[in-house]
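For reference, final05.tsv (TSV, C-alpha atoms):
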chain	number	residue	atom	x	y	z
T	1	MET	CA	62.25	189.07	144.39
T	2	ARG	CA	62.07	191.22	141.26
T	3	PHE	CA	64.55	191.62	138.41
T	4	SER	CA	65.81	195.16	138.56
T	5	LYS	CA	68.22	195.25	135.62
T	6	ILE	CA	68.14	193.66	132.21
T	7	CYS	CA	71.06	193.88	129.76
T	8	TYR	CA	71.35	192.69	126.16
T	9	ASP	CA	74.61	192.10	124.29
T	10	ASP	CA	75.52	191.39	120.67
T	11	TYR	CA	75.06	187.66	121.16
T	12	ASN	CA	71.49	187.83	122.49
T	13	LYS	CA	72.69	187.13	126.00
T	14	ILE	CA	70.56	188.51	128.81
T	15	SER	CA	71.77	189.19	132.36
T	16	TYR	CA	69.29	189.44	135.23
T	17	GLU	CA	70.60	191.36	138.22
T	18	THR	CA	68.37	190.82	141.25
T	19	THR	CA	67.96	193.12	144.20
T	20	GLY	CA	70.07	190.71	146.23
T	21	ASN	CA	73.06	191.26	143.92
T	22	ILE	CA	72.70	187.76	142.54
T	23	THR	CA	73.03	187.46	138.79
T	24	ALA	CA	71.63	184.71	136.63
T	25	VAL	CA	72.55	184.54	132.95
T	26	PHE	CA	70.65	182.92	130.09
T	27	THR	CA	71.59	182.66	126.43
T	28	TRP	CA	69.15	182.12	123.61
T	29	VAL	CA	68.59	183.02	119.98
T	30	ASP	CA	66.04	185.78	119.95
T	31	VAL	CA	64.89	186.56	116.41
T	32	ASP	CA	63.49	190.09	116.10
T	33	ASN	CA	62.78	190.37	119.84
T	34	SER	CA	60.26	187.56	119.48
T	35	ARG	CA	59.42	187.00	123.13
T	36	TYR	CA	57.86	188.89	126.00
T	37	SER	CA	58.47	188.35	129.70
T	38	PHE	CA	56.30	188.76	132.80
T	39	ASN	CA	56.75	188.38	136.55
T	40	LEU	CA	54.22	185.88	137.91
T	41	GLU	CA	53.13	184.95	141.43
T	42	TRP	CA	51.65	181.63	142.46
T	43	HIS	CA	50.04	181.02	145.86
T	44	ASP	CA	51.30	177.58	146.87
T	45	THR	CA	48.48	176.54	149.20
T	46	ASP	CA	50.34	173.44	150.43
T	47	ALA	CA	53.30	175.48	151.65
T	48	SER	CA	51.25	178.65	152.35
T	49	ILE	CA	53.75	180.85	150.50
T	50	ILE	CA	53.83	182.98	147.37
T	51	ARG	CA	56.23	181.58	144.76
T	52	THR	CA	57.59	183.87	142.04
T	53	PHE	CA	58.38	183.04	138.43
T	54	LEU	CA	59.52	184.73	135.26
T	55	LEU	CA	57.35	183.75	132.30
T	56	PHE	CA	58.59	184.00	128.74
T	57	TYR	CA	56.00	184.10	125.96
T	58	TYR	CA	57.31	183.34	122.45
T	59	LYS	CA	55.34	185.22	119.81
T	60	VAL	CA	56.38	183.01	116.91
T	61	ASP	CA	54.50	179.92	118.13
T	62	GLY	CA	52.70	180.91	121.36
T	63	THR	CA	54.88	178.69	123.56
T	64	ILE	CA	55.82	179.62	127.12
T	65	GLU	CA	58.69	179.03	129.53
T	66	LEU	CA	58.82	179.46	133.32
T	67	TYR	CA	61.89	180.29	135.38
T	68	ASP	CA	61.83	179.88	139.18
T	69	THR	CA	63.30	183.15	140.49
T	70	LYS	CA	63.88	181.91	144.03
T	71	HIS	CA	65.79	178.74	143.18
T	72	HIS	CA	67.38	180.16	140.01
T	73	ARG	CA	66.39	177.28	137.77
T	74	MET	CA	64.11	176.45	134.89
T	75	PHE	CA	60.68	175.40	136.19
T	76	LEU	CA	58.93	174.69	132.88
T	77	LYS	CA	60.76	174.15	129.60
T	78	ARG	CA	59.45	175.82	126.50
T	79	THR	CA	56.11	174.24	125.69
T	80	LYS	CA	52.65	174.98	124.36
T	81	CYS	CA	49.97	175.81	126.94
T	82	ASP	CA	46.51	176.14	125.38
T	83	THR	CA	45.16	178.14	128.33
T	84	VAL	CA	47.66	181.00	127.88
T	85	THR	CA	47.56	183.45	124.98
T	86	LEU	CA	49.25	186.82	124.65
T	87	GLY	CA	45.86	188.44	125.15
T	88	ASP	CA	45.66	186.83	128.60
T	89	LEU	CA	48.94	188.35	129.77
T	90	HIS	CA	48.49	191.77	131.33
T	91	ILE	CA	49.16	193.32	134.72
T	92	GLY	CA	46.72	191.97	137.31
T	93	ALA	CA	45.57	189.03	135.17
T	94	THR	CA	45.21	185.49	136.46
T	95	VAL	CA	46.29	182.76	134.06
T	96	SER	CA	45.92	179.01	134.33
T	97	ILE	CA	49.18	177.18	133.58
T	98	PHE	CA	48.65	173.44	133.74
T	99	SER	CA	46.06	173.76	136.54
T	100	ARG	CA	48.06	176.36	138.50
T	101	GLN	CA	46.39	179.76	138.83
T	102	MET	CA	49.16	182.38	138.53
T	103	LYS	CA	48.86	186.13	138.79
T	104	VAL	CA	50.70	188.48	136.44
T	105	ALA	CA	52.38	190.91	138.85
T	106	SER	CA	54.43	193.06	136.45
T	107	PHE	CA	56.27	193.17	133.16
T	108	GLY	CA	59.51	191.20	133.21
T	109	ASP	CA	61.63	193.57	131.15
T	110	GLU	CA	61.71	197.00	129.58
T	111	TYR	CA	61.06	195.69	126.07
T	112	THR	CA	57.79	194.06	127.16
T	113	GLN	CA	56.72	197.16	129.04
T	114	ILE	CA	57.40	199.41	126.04
T	115	GLN	CA	55.63	197.07	123.62
T	116	LEU	CA	52.62	196.21	125.76
T	117	GLY	CA	52.36	198.99	128.35
T	118	VAL	CA	49.90	201.02	126.28
T	119	LEU	CA	48.60	198.21	124.12
T	120	LYS	CA	47.47	196.30	127.21
T	121	GLN	CA	45.93	199.19	129.14
T	122	ARG	CA	43.25	198.52	131.72
T	123	THR	CA	40.47	200.84	132.76
T	124	PHE	CA	37.61	200.84	135.25
T	125	VAL	CA	33.97	200.84	134.15
T	126	MET	CA	30.79	200.93	136.21
T	127	LEU	CA	27.23	200.43	135.00
T	128	LYS	CA	24.92	202.59	137.08
T	129	PRO	CA	21.85	201.29	138.99
T	130	ASP	CA	19.18	202.13	136.41
T	131	ILE	CA	20.70	200.00	133.62
T	132	THR	CA	21.68	196.80	135.44
T	133	ASP	CA	18.58	195.19	133.95
T	134	LYS	CA	20.16	195.87	130.54
T	135	MET	CA	23.69	194.83	131.46
T	136	GLY	CA	23.67	191.95	128.98
T	137	GLN	CA	23.13	194.37	126.10
T	138	VAL	CA	25.87	196.68	127.39
T	139	LEU	CA	28.34	193.83	127.92
T	140	LYS	CA	27.66	192.58	124.41
T	141	LEU	CA	28.40	196.05	123.01
T	142	ILE	CA	31.60	196.28	125.07
T	143	ILE	CA	32.88	192.95	123.73
T	144	GLU	CA	31.89	193.78	120.14
T	145	ASN	CA	34.05	196.92	120.39
T	146	GLY	CA	37.19	194.95	121.16
T	147	PHE	CA	37.36	195.17	124.95
T	148	LYS	CA	38.25	192.17	127.08
T	149	ILE	CA	36.44	191.88	130.41
T	150	THR	CA	39.05	190.81	132.95
T	151	LYS	CA	37.17	191.48	136.20
T	152	LEU	CA	33.44	191.70	136.79
T	153	LYS	CA	31.26	192.12	139.87
T	154	MET	CA	27.77	193.24	140.84
T	155	ALA	CA	27.88	195.22	144.08
T	156	GLN	CA	25.85	197.51	146.33
T	157	MET	CA	27.50	200.81	147.22
T	158	THR	CA	26.86	202.47	150.57
T	159	LYS	CA	26.93	206.20	151.12
T	160	GLU	CA	30.49	205.88	152.45
T	161	HIS	CA	31.61	203.94	149.35
T	162	ALA	CA	30.05	206.50	147.04
T	163	LEU	CA	31.64	209.43	148.88
T	164	THR	CA	35.04	207.72	148.65
T	165	PHE	CA	34.58	206.93	144.96
T	166	TYR	CA	33.49	210.48	144.07
T	167	GLU	CA	35.84	212.28	146.43
T	168	GLU	CA	36.98	214.65	143.64
T	169	HIS	CA	33.43	216.08	143.59
T	170	LYS	CA	33.44	216.99	147.28
T	171	GLY	CA	31.65	220.30	147.84
T	172	LYS	CA	29.96	220.38	144.43
T	173	PRO	CA	26.19	221.04	144.42
T	174	PHE	CA	25.28	217.88	142.49
T	175	LEU	CA	27.09	215.49	144.86
T	176	PRO	CA	24.10	214.73	147.18
T	177	PHE	CA	21.99	213.67	144.19
T	178	LEU	CA	24.86	211.62	142.76
T	179	ILE	CA	25.34	209.76	146.07
T	180	GLU	CA	21.63	209.01	146.34
T	181	TYR	CA	21.53	207.81	142.73
T	182	MET	CA	24.57	205.52	143.03
T	183	THR	CA	23.28	203.89	146.23
T	184	SER	CA	19.72	203.39	144.92
T	185	GLY	CA	20.46	199.90	143.62
T	186	PRO	CA	23.21	197.51	142.49
T	187	VAL	CA	26.02	198.62	140.19
T	188	VAL	CA	28.10	196.44	137.87
T	189	ALA	CA	31.82	197.11	138.18
T	190	MET	CA	34.40	195.79	135.76
T	191	GLU	CA	37.97	196.00	134.61
T	192	LEU	CA	38.31	196.27	130.84
T	193	LEU	CA	41.44	195.70	128.81
T	194	ALA	CA	42.15	197.11	125.36
T	195	ASP	CA	44.76	198.92	123.32
T	196	ASN	CA	44.86	202.42	124.83
T	197	GLY	CA	41.95	201.26	126.99
T	198	VAL	CA	41.22	204.47	128.94
T	199	LYS	CA	40.80	206.63	125.85
T	200	LYS	CA	39.01	203.92	123.89
T	201	TRP	CA	36.40	203.44	126.62
T	202	ARG	CA	35.79	207.18	127.01
T	203	GLU	CA	35.10	207.33	123.28
T	204	LEU	CA	32.66	204.40	123.42
T	205	LEU	CA	31.04	205.85	126.56
T	206	GLY	CA	30.26	209.18	124.88
T	207	PRO	CA	29.60	212.70	126.24
T	208	THR	CA	28.45	213.11	129.85
T	209	ASP	CA	25.06	214.46	128.78
T	210	SER	CA	23.11	211.61	127.14
T	211	GLU	CA	21.02	214.08	125.12
T	212	GLN	CA	24.21	215.57	123.70
T	213	ALA	CA	25.57	212.07	123.12
T	214	ARG	CA	22.59	211.23	120.92
T	215	LYS	CA	23.51	214.19	118.70
T	216	ASP	CA	27.30	213.89	118.66
T	217	ALA	CA	27.92	210.16	119.26
T	218	PRO	CA	24.69	208.23	118.53
T	219	SER	CA	26.33	204.81	118.76
T	220	SER	CA	27.86	205.48	122.20
T	221	ILE	CA	26.81	203.82	125.46
T	222	ARG	CA	25.28	206.97	126.89
T	223	ALA	CA	23.40	207.74	123.68
T	224	ARG	CA	21.87	204.27	123.62
T	225	PHE	CA	21.24	203.67	127.33
T	226	GLY	CA	21.39	207.04	129.11
T	227	LYS	CA	18.50	209.41	129.80
T	228	ASP	CA	20.08	212.79	130.48
T	229	LYS	CA	23.12	214.38	132.11
T	230	SER	CA	22.31	212.87	135.52
T	231	TYR	CA	21.08	209.41	134.54
T	232	ASN	CA	23.82	208.75	132.02
T	233	ALA	CA	24.14	204.96	132.17
T	234	ALA	CA	27.79	204.35	133.01
T	235	HIS	CA	31.04	205.65	134.42
T	236	GLY	CA	34.53	205.41	132.96
T	237	SER	CA	37.92	206.37	134.36
T	238	ASP	CA	39.35	209.55	132.85
T	239	SER	CA	43.02	208.58	133.31
T	240	CYS	CA	45.25	205.62	134.13
T	241	GLU	CA	45.76	207.02	137.62
T	242	SER	CA	42.00	207.28	138.22
T	243	ALA	CA	41.54	203.75	136.87
T	244	GLU	CA	44.03	202.34	139.38
T	245	ARG	CA	42.33	204.09	142.31
T	246	GLU	CA	38.83	203.11	141.23
T	247	LEU	CA	39.79	199.50	140.53
T	248	ASP	CA	41.32	199.31	143.99
T	249	ILE	CA	37.96	200.19	145.55
T	250	PHE	CA	36.09	197.35	143.87
T	251	PHE	CA	38.92	194.89	143.15
T	252	PRO	CA	41.64	195.36	145.78
T	253	GLU	CA	44.91	193.66	144.82
T	254	SER	CA	46.16	193.28	148.39
T	255	GLN	CA	44.61	191.47	151.33
T	256	ILE	CA	45.26	194.68	153.26
T	257	ALA	CA	42.95	196.88	151.21
T	258	ARG	CA	42.98	200.67	151.38
T	259	TYR	CA	39.20	200.73	150.98
T	260	GLU	CA	36.35	198.59	152.18
T	261	SER	CA	34.89	196.96	149.09
T	262	PRO	CA	31.17	197.32	148.34
T	263	ARG	CA	29.23	194.25	149.42
T	264	SER	CA	27.79	191.55	147.22
T	265	THR	CA	24.14	191.77	146.16
T	266	VAL	CA	23.39	188.06	146.65
T	267	THR	CA	19.93	187.37	148.11
T	268	PHE	CA	19.88	183.58	148.76
T	269	LYS	CA	16.13	183.65	148.08
T	270	ASN	CA	14.28	181.65	145.38
T	271	THR	CA	17.73	181.16	143.95
T	272	THR	CA	19.65	179.01	141.51
T	273	CYS	CA	23.22	179.06	140.24
T	274	CYS	CA	24.38	179.70	136.69
T	275	ILE	CA	28.02	179.65	135.54
T	276	ILE	CA	29.14	180.93	132.15
T	277	LYS	CA	31.99	178.53	131.45
T	278	PRO	CA	35.52	179.69	130.50
T	279	HIS	CA	35.24	178.68	126.84
T	280	ALA	CA	32.10	180.84	126.46
T	281	VAL	CA	33.81	183.75	128.24
T	282	GLN	CA	36.83	183.44	125.93
T	283	GLU	CA	34.54	183.30	122.88
T	284	GLY	CA	32.98	186.63	123.88
T	285	LEU	CA	29.53	185.22	124.69
T	286	VAL	CA	29.04	186.74	128.16
T	287	GLY	CA	26.82	189.58	126.91
T	288	ASP	CA	24.75	187.31	124.68
T	289	ILE	CA	24.09	184.77	127.42
T	290	ILE	CA	23.24	187.37	130.07
T	291	SER	CA	20.91	189.13	127.61
T	292	GLU	CA	19.07	185.87	126.95
T	293	ILE	CA	18.64	185.27	130.69
T	294	GLN	CA	17.35	188.78	131.36
T	295	GLU	CA	15.06	188.86	128.34
T	296	ASN	CA	13.42	185.57	129.34
T	297	GLY	CA	12.07	186.79	132.66
T	298	PHE	CA	14.86	185.77	135.03
T	299	LYS	CA	16.54	188.25	137.35
T	300	ILE	CA	20.27	188.26	137.97
T	301	THR	CA	20.70	189.35	141.57
T	302	ALA	CA	24.43	188.63	141.99
T	303	LEU	CA	27.27	188.27	139.53
T	304	GLN	CA	31.04	187.88	139.75
T	305	MET	CA	33.97	186.66	137.67
T	306	PHE	CA	35.96	183.88	139.31
T	307	TYR	CA	39.25	182.16	138.50
T	308	MET	CA	38.83	178.64	139.83
T	309	GLU	CA	41.59	176.61	141.47
T	310	HIS	CA	41.73	172.87	140.73
T	311	PRO	CA	40.73	171.74	144.27
T	312	ASN	CA	37.73	174.10	144.25
T	313	ALA	CA	36.57	172.89	140.84
T	314	GLU	CA	36.84	169.26	141.98
T	315	GLU	CA	34.92	170.07	145.14
T	316	PHE	CA	32.17	171.92	143.30
T	317	TYR	CA	31.69	169.10	140.78
T	318	GLU	CA	32.14	166.32	143.34
T	319	VAL	CA	28.51	165.20	142.96
T	320	TYR	CA	29.27	164.25	139.33
T	321	LYS	CA	32.39	162.19	140.14
T	322	GLY	CA	31.83	158.60	139.12
T	323	VAL	CA	28.40	159.50	137.80
T	324	VAL	CA	29.15	161.19	134.45
T	325	ALA	CA	31.98	160.25	132.10
T	326	GLU	CA	32.77	163.93	131.48
T	327	TYR	CA	33.69	164.68	135.12
T	328	SER	CA	37.44	165.19	134.50
T	329	GLY	CA	36.75	167.28	131.43
T	330	MET	CA	34.27	169.41	133.35
T	331	VAL	CA	36.90	170.12	136.02
T	332	SER	CA	39.55	170.95	133.41
T	333	GLN	CA	37.17	173.28	131.60
T	334	LEU	CA	36.22	175.16	134.78
T	335	ILE	CA	39.87	175.95	135.61
T	336	SER	CA	40.90	176.79	132.04
T	337	GLY	CA	40.14	180.49	132.42
T	338	PRO	CA	37.77	182.97	134.05
T	339	CYS	CA	34.14	181.99	134.54
T	340	VAL	CA	31.18	184.24	135.35
T	341	VAL	CA	28.98	183.06	138.21
T	342	MET	CA	25.45	184.37	138.72
T	343	GLU	CA	22.70	184.07	141.26
T	344	VAL	CA	19.51	183.81	139.20
T	345	THR	CA	16.25	184.42	141.04
T	346	GLY	CA	12.53	184.28	140.32
T	347	PRO	CA	9.21	184.89	142.04
T	348	ASP	CA	8.98	181.49	143.74
T	349	SER	CA	10.82	178.34	144.80
T	350	ASP	CA	10.31	176.79	141.36
T	351	THR	CA	13.08	178.99	139.92
T	352	PRO	CA	15.75	176.22	139.76
T	353	SER	CA	13.48	173.92	137.75
T	354	ARG	CA	12.32	176.64	135.35
T	355	PHE	CA	15.84	177.87	134.80
T	356	ARG	CA	17.12	174.33	134.26
T	357	ALA	CA	14.53	173.88	131.49
T	358	PHE	CA	15.60	177.21	129.96
T	359	VAL	CA	19.27	176.12	129.91
T	360	GLY	CA	18.44	172.83	128.17
T	361	PRO	CA	19.97	169.34	128.00
T	362	SER	CA	23.65	168.98	128.97
T	363	ASP	CA	24.49	167.67	125.47
T	364	PRO	CA	24.24	170.63	123.05
T	365	GLU	CA	23.69	168.32	120.07
T	366	LEU	CA	20.69	166.79	121.81
T	367	ALA	CA	19.54	170.25	122.86
T	368	ARG	CA	19.61	171.47	119.26
T	369	LYS	CA	17.32	168.62	118.25
T	370	LEU	CA	14.90	168.67	121.17
T	371	ARG	CA	15.10	172.22	122.61
T	372	PRO	CA	16.61	174.47	119.91
T	373	ASN	CA	15.85	177.72	121.75
T	374	THR	CA	17.69	176.82	124.96
T	375	LEU	CA	21.02	178.34	126.02
T	376	ARG	CA	23.02	175.19	125.44
T	377	ALA	CA	21.47	174.63	122.03
T	378	ARG	CA	22.42	178.17	120.99
T	379	TYR	CA	25.86	178.51	122.58
T	380	GLY	CA	27.10	175.03	123.54
T	381	LYS	CA	29.62	172.95	121.58
T	382	THR	CA	30.13	169.65	123.42
T	383	LYS	CA	29.03	168.01	126.67
T	384	VAL	CA	32.04	169.62	128.38
T	385	GLN	CA	31.97	172.93	126.51
T	386	ASN	CA	28.22	173.36	126.81
T	387	ALA	CA	28.30	177.12	127.51
T	388	VAL	CA	26.81	177.16	131.00
T	389	HIS	CA	26.44	175.16	134.17
T	390	CYS	CA	23.16	175.36	136.02
T	391	THR	CA	21.89	173.73	139.20
T	392	ASP	CA	20.42	170.32	138.36
T	393	LEU	CA	18.44	169.62	141.54
T	394	PRO	CA	16.15	172.29	143.02
T	395	GLU	CA	17.40	171.59	146.54
T	396	ASP	CA	20.99	172.33	145.45
T	397	GLY	CA	20.30	175.83	144.15
T	398	LEU	CA	21.00	177.61	147.41
T	399	LEU	CA	24.01	175.39	148.17
T	400	GLU	CA	25.72	176.19	144.87
T	401	VAL	CA	25.10	179.92	145.22
T	402	GLU	CA	26.48	179.82	148.77
T	403	TYR	CA	29.57	177.96	147.57
T	404	PHE	CA	30.62	180.89	145.40
T	405	PHE	CA	29.19	183.92	147.18
T	406	LYS	CA	29.90	182.79	150.76
T	407	LEU	CA	32.85	180.42	150.63
T	408	LEU	CA	34.93	181.52	147.64
T	409	GLU	CA	34.18	185.23	147.52
Please re-express this file's structure in structure tokens.
Amino acid sequence: MRFSKICYDDYNKISYETTGNITAVFTWVDVDNSRYSFNLEWHDTDASIIRTFLLFYYKVDGTIELYDTKHHRMFLKRTKCDTVTLGDLHIGATVSIFSRQMKVASFGDEYTQIQLGVLKQRTFVMLKPDITDKMGQVLKLIIENGFKITKLKMAQMTKEHALTFYEEHKGKPFLPFLIEYMTSGPVVAMELLADNGVKKWRELLGPTDSEQARKDAPSSIRARFGKDKSYNAAHGSDSCESAERELDIFFPESQIARYESPRSTVTFKNTTCCIIKPHAVQEGLVGDIISEIQENGFKITALQMFYMEHPNAEEFYEVYKGVVAEYSGMVSQLISGPCVVMEVTGPDSDTPSRFRAFVGPSDPELARKLRPNTLRARYGKTKVQNAVHCTDLPEDGLLEVEYFFKLLE
């Protein structure tokens, strides 16, 4: 059910007229239009149904309220939820509300759409095969320029995928080369969010010809990472309509997808698992951490952003239950927002042990004293917010990678 009509009167009364001709009325004091509203969906796994809610976000203090649209009653009274900020609320986002992973399906009213429709604009970005070994540097630049990464995946395109993606170039003489180039290795696809995101990304991306970009836009992505007009580092949608189509190829919203998504690049060979935890993602450290990994001789052969459900987080960390005092905190941290999961590989079966040493002790304070150059020493805060998870036991490396890239994906 969706709210199709929203009316305001002189007393700040709002009337919601649903498609079933049922009207629910709320009254509140709304100072200077100080709240936004969004339609949310929650997959209730116990009942195997999708439940719908209307979320109100109050700008004045960051509190939220949830209204159950099916049963026409308040589901969550106005309260503070540390895992939900206004920056998290955009179409297609997944937010964690007291351990429930809810998807933002649409704006809840015209005011919110007018205020945030352009300000919260998403676009599609793809790093091309020849710069995936520099993706950490590119991601860092993206974040530094005010973009929020809301979806992220490393994938391998087939000829069919590439032809579908570049269908507007059908019949053009450069298409055969472009298809060969884009299928020559993994690509990194992502959804970025920013104010006027499509235009902003095109400006950061720079001119199509990297040589021209170095003259006209020397700080652009293509100027810094591209080679020429053909090997020009990255792709960006040229319109909102193109962004929606391209996102649907890599990140289909429906279980009945219009396109077959490109496959994962996971290898399951000489492998270990690394997870950039939600607090580090929210602090904009994804690019920094990935750069450190790549610059220290490790290869990232698979990568994807996940939004973890509570049962999955408990299952993944089950080995720590009753063993470490931080178990509950670890679970809560993993479901508090998006995490970035990577398959990290090396030349031999010793990869898990070498990577574990590179990550450092689980306590960042201890790491800063004993191993100051490790990831946790540089980016960790506490035993729970210690920047990254990595496989502890060598024999568990493959199991943890399979958990995400076989079971959850």
Could you list, as a PyMOL selection string, every residue within 12 Å of Asn386 in chain T, counting all atoms listed in the file and ignoring same-chain residues fewer than 4 positions away?
chain T and resi 275-281+326+329-330+333-334+359-368+374-382+390
I'd like the contact shell of Gly197 in chain T - 12 Å cut-off, only C-alpha atoms, skipping same-chain residues fewer than 3 positions apart - returned as a short mmCIF file (atom, residue, chain, number, x, y, z; two decimals) with C-alpha atoms, in the frame of the given file.
data_model
loop_
_atom_site.label_atom_id
_atom_site.label_comp_id
_atom_site.auth_asym_id
_atom_site.auth_seq_id
_atom_site.Cartn_x
_atom_site.Cartn_y
_atom_site.Cartn_z
CA LEU T 116 52.62 196.21 125.76
CA GLY T 117 52.36 198.99 128.35
CA VAL T 118 49.90 201.02 126.28
CA LEU T 119 48.60 198.21 124.12
CA LYS T 120 47.47 196.30 127.21
CA GLN T 121 45.93 199.19 129.14
CA ARG T 122 43.25 198.52 131.72
CA THR T 123 40.47 200.84 132.76
CA PHE T 124 37.61 200.84 135.25
CA VAL T 125 33.97 200.84 134.15
CA ILE T 142 31.60 196.28 125.07
CA ASN T 145 34.05 196.92 120.39
CA GLY T 146 37.19 194.95 121.16
CA PHE T 147 37.36 195.17 124.95
CA LYS T 148 38.25 192.17 127.08
CA ILE T 149 36.44 191.88 130.41
CA GLU T 191 37.97 196.00 134.61
CA LEU T 192 38.31 196.27 130.84
CA LEU T 193 41.44 195.70 128.81
CA ALA T 194 42.15 197.11 125.36
CA LYS T 200 39.01 203.92 123.89
CA TRP T 201 36.40 203.44 126.62
CA ARG T 202 35.79 207.18 127.01
CA GLU T 203 35.10 207.33 123.28
CA LEU T 204 32.66 204.40 123.42
CA LEU T 205 31.04 205.85 126.56
CA GLY T 236 34.53 205.41 132.96
CA SER T 237 37.92 206.37 134.36
CA ASP T 238 39.35 209.55 132.85
CA SER T 239 43.02 208.58 133.31
CA CYS T 240 45.25 205.62 134.13
CA ALA T 243 41.54 203.75 136.87
#
Can you pull out the residues contacting Cys274 in chain T? Cut-off 6 Å, using all atoms listed in the file, and skip same-chain residues under 4 positions away; I want them as a ChimeraX atom specification.
/T:341-342,389-390
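Closest approach to His235 in chain T among T:Glu65, T:Thr158, T:Pro311, T:Met126 is made by T:Met126 (distances from all atoms listed in the file).
Comparing the minimum interatomic distances between Asp288 in chain T and each of T:Gln212, T:Thr132, T:Thr164, T:Gln137, counting only C-alpha atoms, we find that T:Gln137 sits nearest.
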Tell me which of T:His161, T:Lys406, T:Arg214, T:Lys103 sits closest to Ser264 in chain T, counting only C-alpha atoms.
T:Lys406
What are the centre and edge lengths in Å, to one decimal, of the axis-aligned box around all listed atoms of range 125-142 of chain T with 5 Å added on each side, as lines of an AutoDock Vina configuration file?
center_x = 26.3
center_y = 197.3
center_z = 131.0
size_x = 25.4
size_y = 20.6
size_z = 26.0
Is it possible to add all heavy atoms to range 73-78 of chain T and hand it back as a short mmCIF file (atom, residue, chain, number, x, y, z; two decimals), in the coordinates of the input?
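Generated output (selection.cif):
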data_model
loop_
_atom_site.label_atom_id
_atom_site.label_comp_id
_atom_site.auth_asym_id
_atom_site.auth_seq_id
_atom_site.Cartn_x
_atom_site.Cartn_y
_atom_site.Cartn_z
N ARG T 73 66.36 178.44 138.66
CA ARG T 73 66.39 177.28 137.77
C ARG T 73 65.13 177.28 136.90
O ARG T 73 64.13 177.90 137.23
CB ARG T 73 66.46 175.98 138.57
CG ARG T 73 65.22 175.72 139.44
CD ARG T 73 65.42 174.54 140.36
NE ARG T 73 64.22 174.26 141.14
CZ ARG T 73 64.19 173.45 142.20
NH1 ARG T 73 65.30 172.84 142.59
NH2 ARG T 73 63.06 173.24 142.86
N MET T 74 65.25 176.56 135.78
CA MET T 74 64.11 176.45 134.89
C MET T 74 63.03 175.60 135.56
O MET T 74 63.30 174.52 136.07
CB MET T 74 64.53 175.81 133.56
CG MET T 74 63.48 175.94 132.48
SD MET T 74 63.09 177.67 132.06
CE MET T 74 64.66 178.19 131.35
N PHE T 75 61.79 176.11 135.57
CA PHE T 75 60.68 175.40 136.19
C PHE T 75 59.84 174.67 135.14
O PHE T 75 59.35 173.58 135.38
CB PHE T 75 59.80 176.39 136.96
CG PHE T 75 58.65 175.78 137.70
CD1 PHE T 75 58.85 175.15 138.92
CD2 PHE T 75 57.36 175.82 137.17
CE1 PHE T 75 57.79 174.58 139.61
CE2 PHE T 75 56.29 175.24 137.85
CZ PHE T 75 56.52 174.62 139.07
N LEU T 76 59.69 175.29 133.98
CA LEU T 76 58.93 174.69 132.88
C LEU T 76 59.64 175.01 131.58
O LEU T 76 59.81 176.16 131.21
CB LEU T 76 57.49 175.26 132.84
CG LEU T 76 56.60 174.78 131.70
CD1 LEU T 76 56.27 173.30 131.86
CD2 LEU T 76 55.31 175.61 131.64
N LYS T 77 60.10 173.95 130.89
CA LYS T 77 60.76 174.15 129.60
C LYS T 77 59.75 174.62 128.56
O LYS T 77 58.55 174.40 128.70
CB LYS T 77 61.43 172.86 129.15
CG LYS T 77 62.62 172.45 130.01
CD LYS T 77 63.30 171.21 129.46
CE LYS T 77 64.50 170.84 130.31
NZ LYS T 77 65.19 169.62 129.80
N ARG T 78 60.28 175.22 127.54
CA ARG T 78 59.45 175.82 126.50
C ARG T 78 58.45 174.80 125.95
O ARG T 78 58.82 173.74 125.45
CB ARG T 78 60.33 176.34 125.37
CG ARG T 78 59.57 177.09 124.30
CD ARG T 78 60.53 177.73 123.32
NE ARG T 78 59.83 178.33 122.19
CZ ARG T 78 60.43 178.99 121.21
NH1 ARG T 78 61.74 179.16 121.25
NH2 ARG T 78 59.72 179.49 120.21
#
